[in-house]
Amino acid sequence: MSAKIFGSGIRRREDPRLVTGSATYTDDITLPGMVYAAMLRSPHAHARIRSIDTAAAAAAPGVLAVYTGADTAEALAPVPTAWLLPDSDLQVADYPAIARDTVRYVGDIVAVVVAESRYQAYDAVDLVAVDYEPLPAVVDPELASRPGAPQIHDGIAGNQALHWTVAGGDVEAAFASADVVVEERIVQQRLIPNAMETRSAVARFTRASGELTLWNTTQNPHIARFICSAVTGVPEDRLRVIAPEVGGGFGSKIAVYPADFVTVFCAMRLGRPVKWTETRSENYQATTHGRDHVQQVELAATRDGRITGLRCSVWAGLGAYLSTAAPGIPTILHGLMLSGVYDIPAVKEDVYGIYTNATPVEAYRGAGRPEATFMLERLVDRLAGELGLDPAEVRRRNLIPRFEDGHPVVTGLTYDSGDYPAALEKLLAHAGYDRLRAEQAAARERGRHLGIGLATYVEICGLGPSQVAGAIGFQGGLWESAIVRFHPSGKVHVFIGASPHGQGEETTFAQIVASEVGVSPDDVKVFHGDTDNTPMGWGTYGSRTTAVGGAALALTARKIKEKAKIVAAHLLEAAVEDMDYEDGNFFVKGSPDRGKTIQDIALMANVSWNMPEGVESGLEASTFYDPPNFTFPFGAHLAVVEVHPETGQVDLLRYVALDDCGPQINPVIVAGQVHGGVVQGIGQALWEEAVYDESGQLVSGTMLDYALPRADRLPEIEVLSTVTPSPHHPIGVKGVGEAGTIASTVTVYNAVMDALRPFRVGAVTMPLTPERVWRAIQEAQGG
Amino acid sequence: MVKVPVAVRVNGRLYEREVEPRLLLVHFLRDLDGLTGTKVGCDTSQCGSCTVLLDGMTVKSCTCLAVQADGAAITTIEGLAAENGALHPLQEAFWNQHGLQCGFCTPGMIFAAHEILRTSPDPSDEEIRHGLEGNLCRCTGYQNIVRSVRAAADAMQEGEG
């Protein structure tokens, strides 16, 4: 492997089209004869639809059609969830693309208008008259699970979509014999993902051939095709999904949405290409949200700070319907990571997935792991406080020691590799932890309230072995595939099933091929996103594109290299065993100056004038890679904050992130992923919240009302790493897309609570806005 | 709806169109000859993805009507590079510094950066962060955008010196 290319922070080849405005996102597509759809969405969180009058809308200028649930009921199958979690009493509610009798959240589609122009469609949407009978609504998952709560779906008692349990060891005994028990009630507030590109779909149906093309803002075009085929009835072979440039996802573009199917329906009915692009306010209502946990957590420990047990109950709000991957997020991706980086002998968690009158919840960057890391790392800090120990010291006493090839944990997983103590110590040394503590003490003397927050984490990535996917009810595989094709000139095309949307794999995947077979990365073009010209793949989420797709690609490149070696041996009239290879040159051992380059071999294989007997023409290979295990990236983060008690204002002074994602193909891109992830987690700690009022209105309904991180509120993030390869991955990489988000929320939270220690504040509900912090101080002071 | 004539010079070329008075400038631009580089990221003028230059000053083109731009000269991201295709120092800097990931906010960010450097050719990091405060990015955490602006400032000063 060429060290020069692998591990080099080369510039991204994606960027020239992006910095010049020549990239094509879904809403940038215009087709001849294209018309525009606009969705009428419910203004009520829960209501019966008495009647819908579409006459005025249908008569408005430019309007081609108005459709309601009555029109789509026969044509569109219910929107499915793709994660049928076993052993959880899963209750899948009927999820019509357009609501029929009842609306169940603000944003449920009630009708669609198609018009010649975007403005005409929106004008006419306002003319659809719907007579609603409002019903009582509930948005808090814990309240929704209580007796007497409004019933959201017929026949689903207690609004309970699922009850799932994970347990290992004897947790009752652990608590019975504990020296110390600490507990906390934690609310992981609902978040709005806010990919900068809102969702969009363009559908074109050719009646004569029965072929449908759907351009869609999706993280997983192949899954979108699969599900779209099932819902619309267009056979998979006639359905082409294209994810063109996609402007961020963070989990919100995993799901295949009602509006996508409705757009397809309109295109099929009208025989005209139809575009639908949501507004940002519509995105806030209709594109999936994240988190929304109420967590009751207890941790048992010995007097000297050894953790002996963890017990928790979680009420996870799932919204009004089950989104594509929703059942697996608060369960598999959350509960199995309960014990984190520690050897905890006994754990038990009950997860209650609850329907609420709110936007469906999906994966959101980290997807279950930030919520698990938060519980554990918050309680570890509580334990430190209870025992009068330094938080770093409590972590040291519990970390799993270094392991290189497998470590089983209490939840049943086997982590691949890790060196958690090294990560923590490197972080503390870089940050100058002891000095920071001294500065903190000195600042307190002067009446300034600095706080230092720590968190360690391990996450589950590289999803995952398909056999496991089947066992846990995921309605698909989790392998990835890649095709590598050498053209006569030695230029390379790579086709992958995964679908990056900002992460830069067009560059890093070129680096993988370049380092494996010795071509220039500039000679490698990576294709993704079009189901008609890429091999099947399961998409980009769970930090799996490089961890799984990258493995498929590396193995494919190695197949190319093996074939090239055979061809080279033939051309050099040598035995294959006598061949050697270095940086794209195949030669007889000891004679590197008389070798054949990969380009020479690509030419010969393509013209095929003189190939070894029994060797096929062409230089092309493919691999379906199904990982034998998940990957487990890990790290340790530290934050320093100052809290101003008179206002409750929190200033984030310093942030240090150490993340170990294995070998880094492109460290500049890795650091970029960490920056973005950390800031999203900081956003949860300090600013962001999807706020509903008691009637189920989304109060934080526009970008004006939802506090996103902005440039002027953030410090420079210090990025560190250690490198612990995954033993089972061909190039050892583990994935880094979510890393920053996993730890940063609790790191900042712990820092703020550390600053508030002199005030004896117990807990503050996120986000830690000045008002909440100020009130917490007042209450703790008996004010 | 009644339409009114507008004449707008975009990236040096004059466009004369009949538009509804309510048409937002951003939609006017995006419907012109495939000039879709200007993005719509919100509906409350928060995100800045639609930022363009109007007579040399930045404007969020979703808060401006096409009729208000009548007679004006507009530069969109498609018109920022030199005619021979050479990237503007800001474009080059965003590329060099990994100042973008999904790229959706980038055209607006580049124009926000343009405004920072127009008013302060040698800005501090704090000034840069303040100047970017009206533009949202969800991918980068802003860190490499700040670096990009800094690098562009250096390159542009070198170019002049």
# chains A, B, ... in the order shown; residues from 1 in each chain; ligands from 1
call {"tool": "interface_residues", "arguments": {"of": "chain B", "to": "chain A", "cutoff": "6 Å", "atoms": "only C-alpha atoms", "output": "mmCIF file with C-alpha atoms, in the first residue's frame"}}
result
data_model
loop_
_atom_site.group_PDB
_atom_site.id
_atom_site.type_symbol
_atom_site.label_atom_id
_atom_site.label_comp_id
_atom_site.auth_asym_id
_atom_site.auth_seq_id
_atom_site.Cartn_x
_atom_site.Cartn_y
_atom_site.Cartn_z
ATOM 1 C CA THR B 36 -29.148 27.040 -9.917
ATOM 2 C CA GLY B 37 -25.956 27.591 -7.919
ATOM 3 C CA GLY B 41 -32.094 26.717 2.484
ATOM 4 C CA CYS B 42 -34.863 28.313 4.522
ATOM 5 C CA ASP B 43 -37.874 30.588 4.332
ATOM 6 C CA ILE B 77 -21.597 31.846 -7.670
ATOM 7 C CA GLU B 78 -21.505 30.927 -11.363
ATOM 8 C CA GLN B 91 -13.261 29.434 -4.206
ATOM 9 C CA TRP B 95 -11.258 23.988 -1.793
ATOM 10 C CA GLN B 101 -18.672 19.140 2.809
ATOM 11 C CA CYS B 102 -22.112 18.794 1.240
ATOM 12 C CA GLY B 103 -21.600 22.124 -0.511
ATOM 13 C CA PHE B 104 -25.154 23.376 -0.200
ATOM 14 C CA ARG B 129 -16.802 34.349 12.798
ATOM 15 C CA HIS B 130 -18.890 37.444 13.399
ATOM 16 C CA GLU B 133 -22.962 34.651 11.742
ATOM 17 C CA CYS B 139 -21.552 20.029 8.066
ATOM 18 C CA THR B 140 -18.309 21.793 8.899
ATOM 19 C CA GLY B 141 -18.824 23.263 12.352
ATOM 20 C CA TYR B 142 -17.539 26.424 10.598
#
call {"tool": "residues_around", "arguments": {"residues": "stretch 25-33 of chain B", "least_positions_apart": "2", "cutoff": "6 Å", "atoms": "only C-alpha atoms", "output": "list in words"}}
result
Leu35, Thr36, Ser61, Cys62, Cys64, Leu65 and Ala66 of chain B
call {"tool": "write_last_selection", "arguments": {"atoms": "N, CA, C and O atoms", "output": "mmCIF file, in the first residue's frame"}}
result
data_model
loop_
_atom_site.group_PDB
_atom_site.id
_atom_site.type_symbol
_atom_site.label_atom_id
_atom_site.label_comp_id
_atom_site.auth_asym_id
_atom_site.auth_seq_id
_atom_site.Cartn_x
_atom_site.Cartn_y
_atom_site.Cartn_z
ATOM 1 N N LEU B 35 -29.146 28.752 -13.845
ATOM 2 C CA LEU B 35 -28.263 29.315 -12.816
ATOM 3 C C LEU B 35 -28.756 28.870 -11.432
ATOM 4 O O LEU B 35 -29.271 29.664 -10.655
ATOM 5 N N THR B 36 -28.581 27.595 -11.149
ATOM 6 C CA THR B 36 -29.148 27.040 -9.917
ATOM 7 C C THR B 36 -28.120 26.986 -8.783
ATOM 8 O O THR B 36 -28.381 26.386 -7.754
ATOM 9 N N SER B 61 -30.881 36.763 -1.333
ATOM 10 C CA SER B 61 -31.771 36.952 -2.479
ATOM 11 C C SER B 61 -33.170 36.395 -2.228
ATOM 12 O O SER B 61 -34.050 36.531 -3.066
ATOM 13 N N CYS B 62 -33.375 35.766 -1.052
ATOM 14 C CA CYS B 62 -34.738 35.345 -0.704
ATOM 15 C C CYS B 62 -35.483 36.463 0.009
ATOM 16 O O CYS B 62 -36.676 36.348 0.263
ATOM 17 N N CYS B 64 -35.385 39.578 -1.158
ATOM 18 C CA CYS B 64 -35.411 40.649 -2.143
ATOM 19 C C CYS B 64 -36.330 40.190 -3.278
ATOM 20 O O CYS B 64 -36.287 39.019 -3.678
ATOM 21 N N LEU B 65 -37.143 41.075 -3.782
ATOM 22 C CA LEU B 65 -37.989 40.717 -4.918
ATOM 23 C C LEU B 65 -37.226 40.942 -6.217
ATOM 24 O O LEU B 65 -36.365 41.824 -6.297
ATOM 25 N N ALA B 66 -37.581 40.176 -7.201
ATOM 26 C CA ALA B 66 -36.929 40.356 -8.505
ATOM 27 C C ALA B 66 -37.122 41.791 -8.999
ATOM 28 O O ALA B 66 -36.204 42.390 -9.567
#
call {"tool": "select_by_dssp", "arguments": {"residues": "stretch 549-774 of chain A", "states": "alpha helix (DSSP H)", "output": "ChimeraX atom specification"}}
result
/A:550-571,598-607,667-686,739-755,770-774
call {"tool": "atom_distance", "arguments": {"atom1": "atom CA of B:Lys3", "atom2": "atom CA of A:Ala58"}}
result
22.8 Å
call {"tool": "residues_around", "arguments": {"residues": "B:Gly48", "least_positions_apart": "2", "cutoff": "8 Å", "atoms": "only C-alpha atoms", "output": "list in words"}}
result
Gly41, Ser45, Gln46, Cys50, Thr51, Lys60, Cys105, Gly108, Met109, Gly134, Asn135 and Leu136 of chain B
call {"tool": "residues_around", "arguments": {"residues": "B:Ile116", "least_positions_apart": "5", "cutoff": "9 Å", "atoms": "only C-alpha atoms", "output": "list in words"}}
result
Phe111, Pro121, Pro123, Glu127, Ile128, Gly131, Leu132 and Val149 of chain B
call {"tool": "select_by_dssp", "arguments": {"residues": "chain B", "states": "strand (DSSP E or B)", "output": "list in words"}}
result
Val4, Pro5, Val6, Ala7, Val8, Arg9, Val10, Arg13, Leu14, Tyr15, Glu16, Arg17, Glu18, Val19, Leu24, Thr51, Val52, Leu53, Leu54, Met57, Thr58, Val59, Lys60, Leu65, Ala73, Ile74 and Thr75 of chain B
call {"tool": "closest_residue", "arguments": {"among": "A:Val752, A:Val128, A:Ala173, A:Val112", "to": "A:Ser51", "atoms": "only C-alpha atoms"}}
result
A:Val128
call {"tool": "closest_residue", "arguments": {"among": "A:Leu127, A:Leu768, A:Ala144, A:Ala316", "to": "A:Tyr749", "atoms": "only C-alpha atoms"}}
result
A:Leu768
call {"tool": "atom_distance", "arguments": {"atom1": "atom CA of A:Val394", "atom2": "atom CA of A:Thr308"}}
result
12.7 Å
call {"tool": "residues_around", "arguments": {"residues": "A:Leu389", "least_positions_apart": "4", "cutoff": "12 Å", "atoms": "only C-alpha atoms", "output": "number ranges by chain"}}
result
A: 303-306, 380-385, 393-397
call {"tool": "write_last_selection", "arguments": {"atoms": "C-alpha atoms", "output": "PDB file, in the first residue's frame"}}
result
ATOM      1  CA  ARG A 303     -16.756   2.667  47.420  1.00  0.00           C
ATOM      2  CA  ASP A 304     -13.529   2.872  45.447  1.00  0.00           C
ATOM      3  CA  GLY A 305     -15.378   3.799  42.262  1.00  0.00           C
ATOM      4  CA  ARG A 306     -15.687   0.492  40.413  1.00  0.00           C
ATOM      5  CA  VAL A 380     -19.923   8.410  35.886  1.00  0.00           C
ATOM      6  CA  ASP A 381     -19.553  12.104  36.678  1.00  0.00           C
ATOM      7  CA  ARG A 382     -22.284  11.773  39.297  1.00  0.00           C
ATOM      8  CA  LEU A 383     -20.401   8.866  40.811  1.00  0.00           C
ATOM      9  CA  ALA A 384     -17.182  10.893  40.899  1.00  0.00           C
ATOM     10  CA  GLY A 385     -19.025  13.685  42.676  1.00  0.00           C
ATOM     11  CA  GLU A 393      -9.746   8.990  37.906  1.00  0.00           C
ATOM     12  CA  VAL A 394     -13.118   7.234  38.059  1.00  0.00           C
ATOM     13  CA  ARG A 395     -12.887   6.631  34.335  1.00  0.00           C
ATOM     14  CA  ARG A 396      -9.345   5.274  34.660  1.00  0.00           C
ATOM     15  CA  ARG A 397     -10.503   2.762  37.251  1.00  0.00           C
TER      16      ARG A 397
END
call {"tool": "closest_residue", "arguments": {"among": "A:Ala564, A:Leu478, A:Ile52, A:Ala267", "to": "A:Gly618", "atoms": "only C-alpha atoms"}}
result
A:Ala564
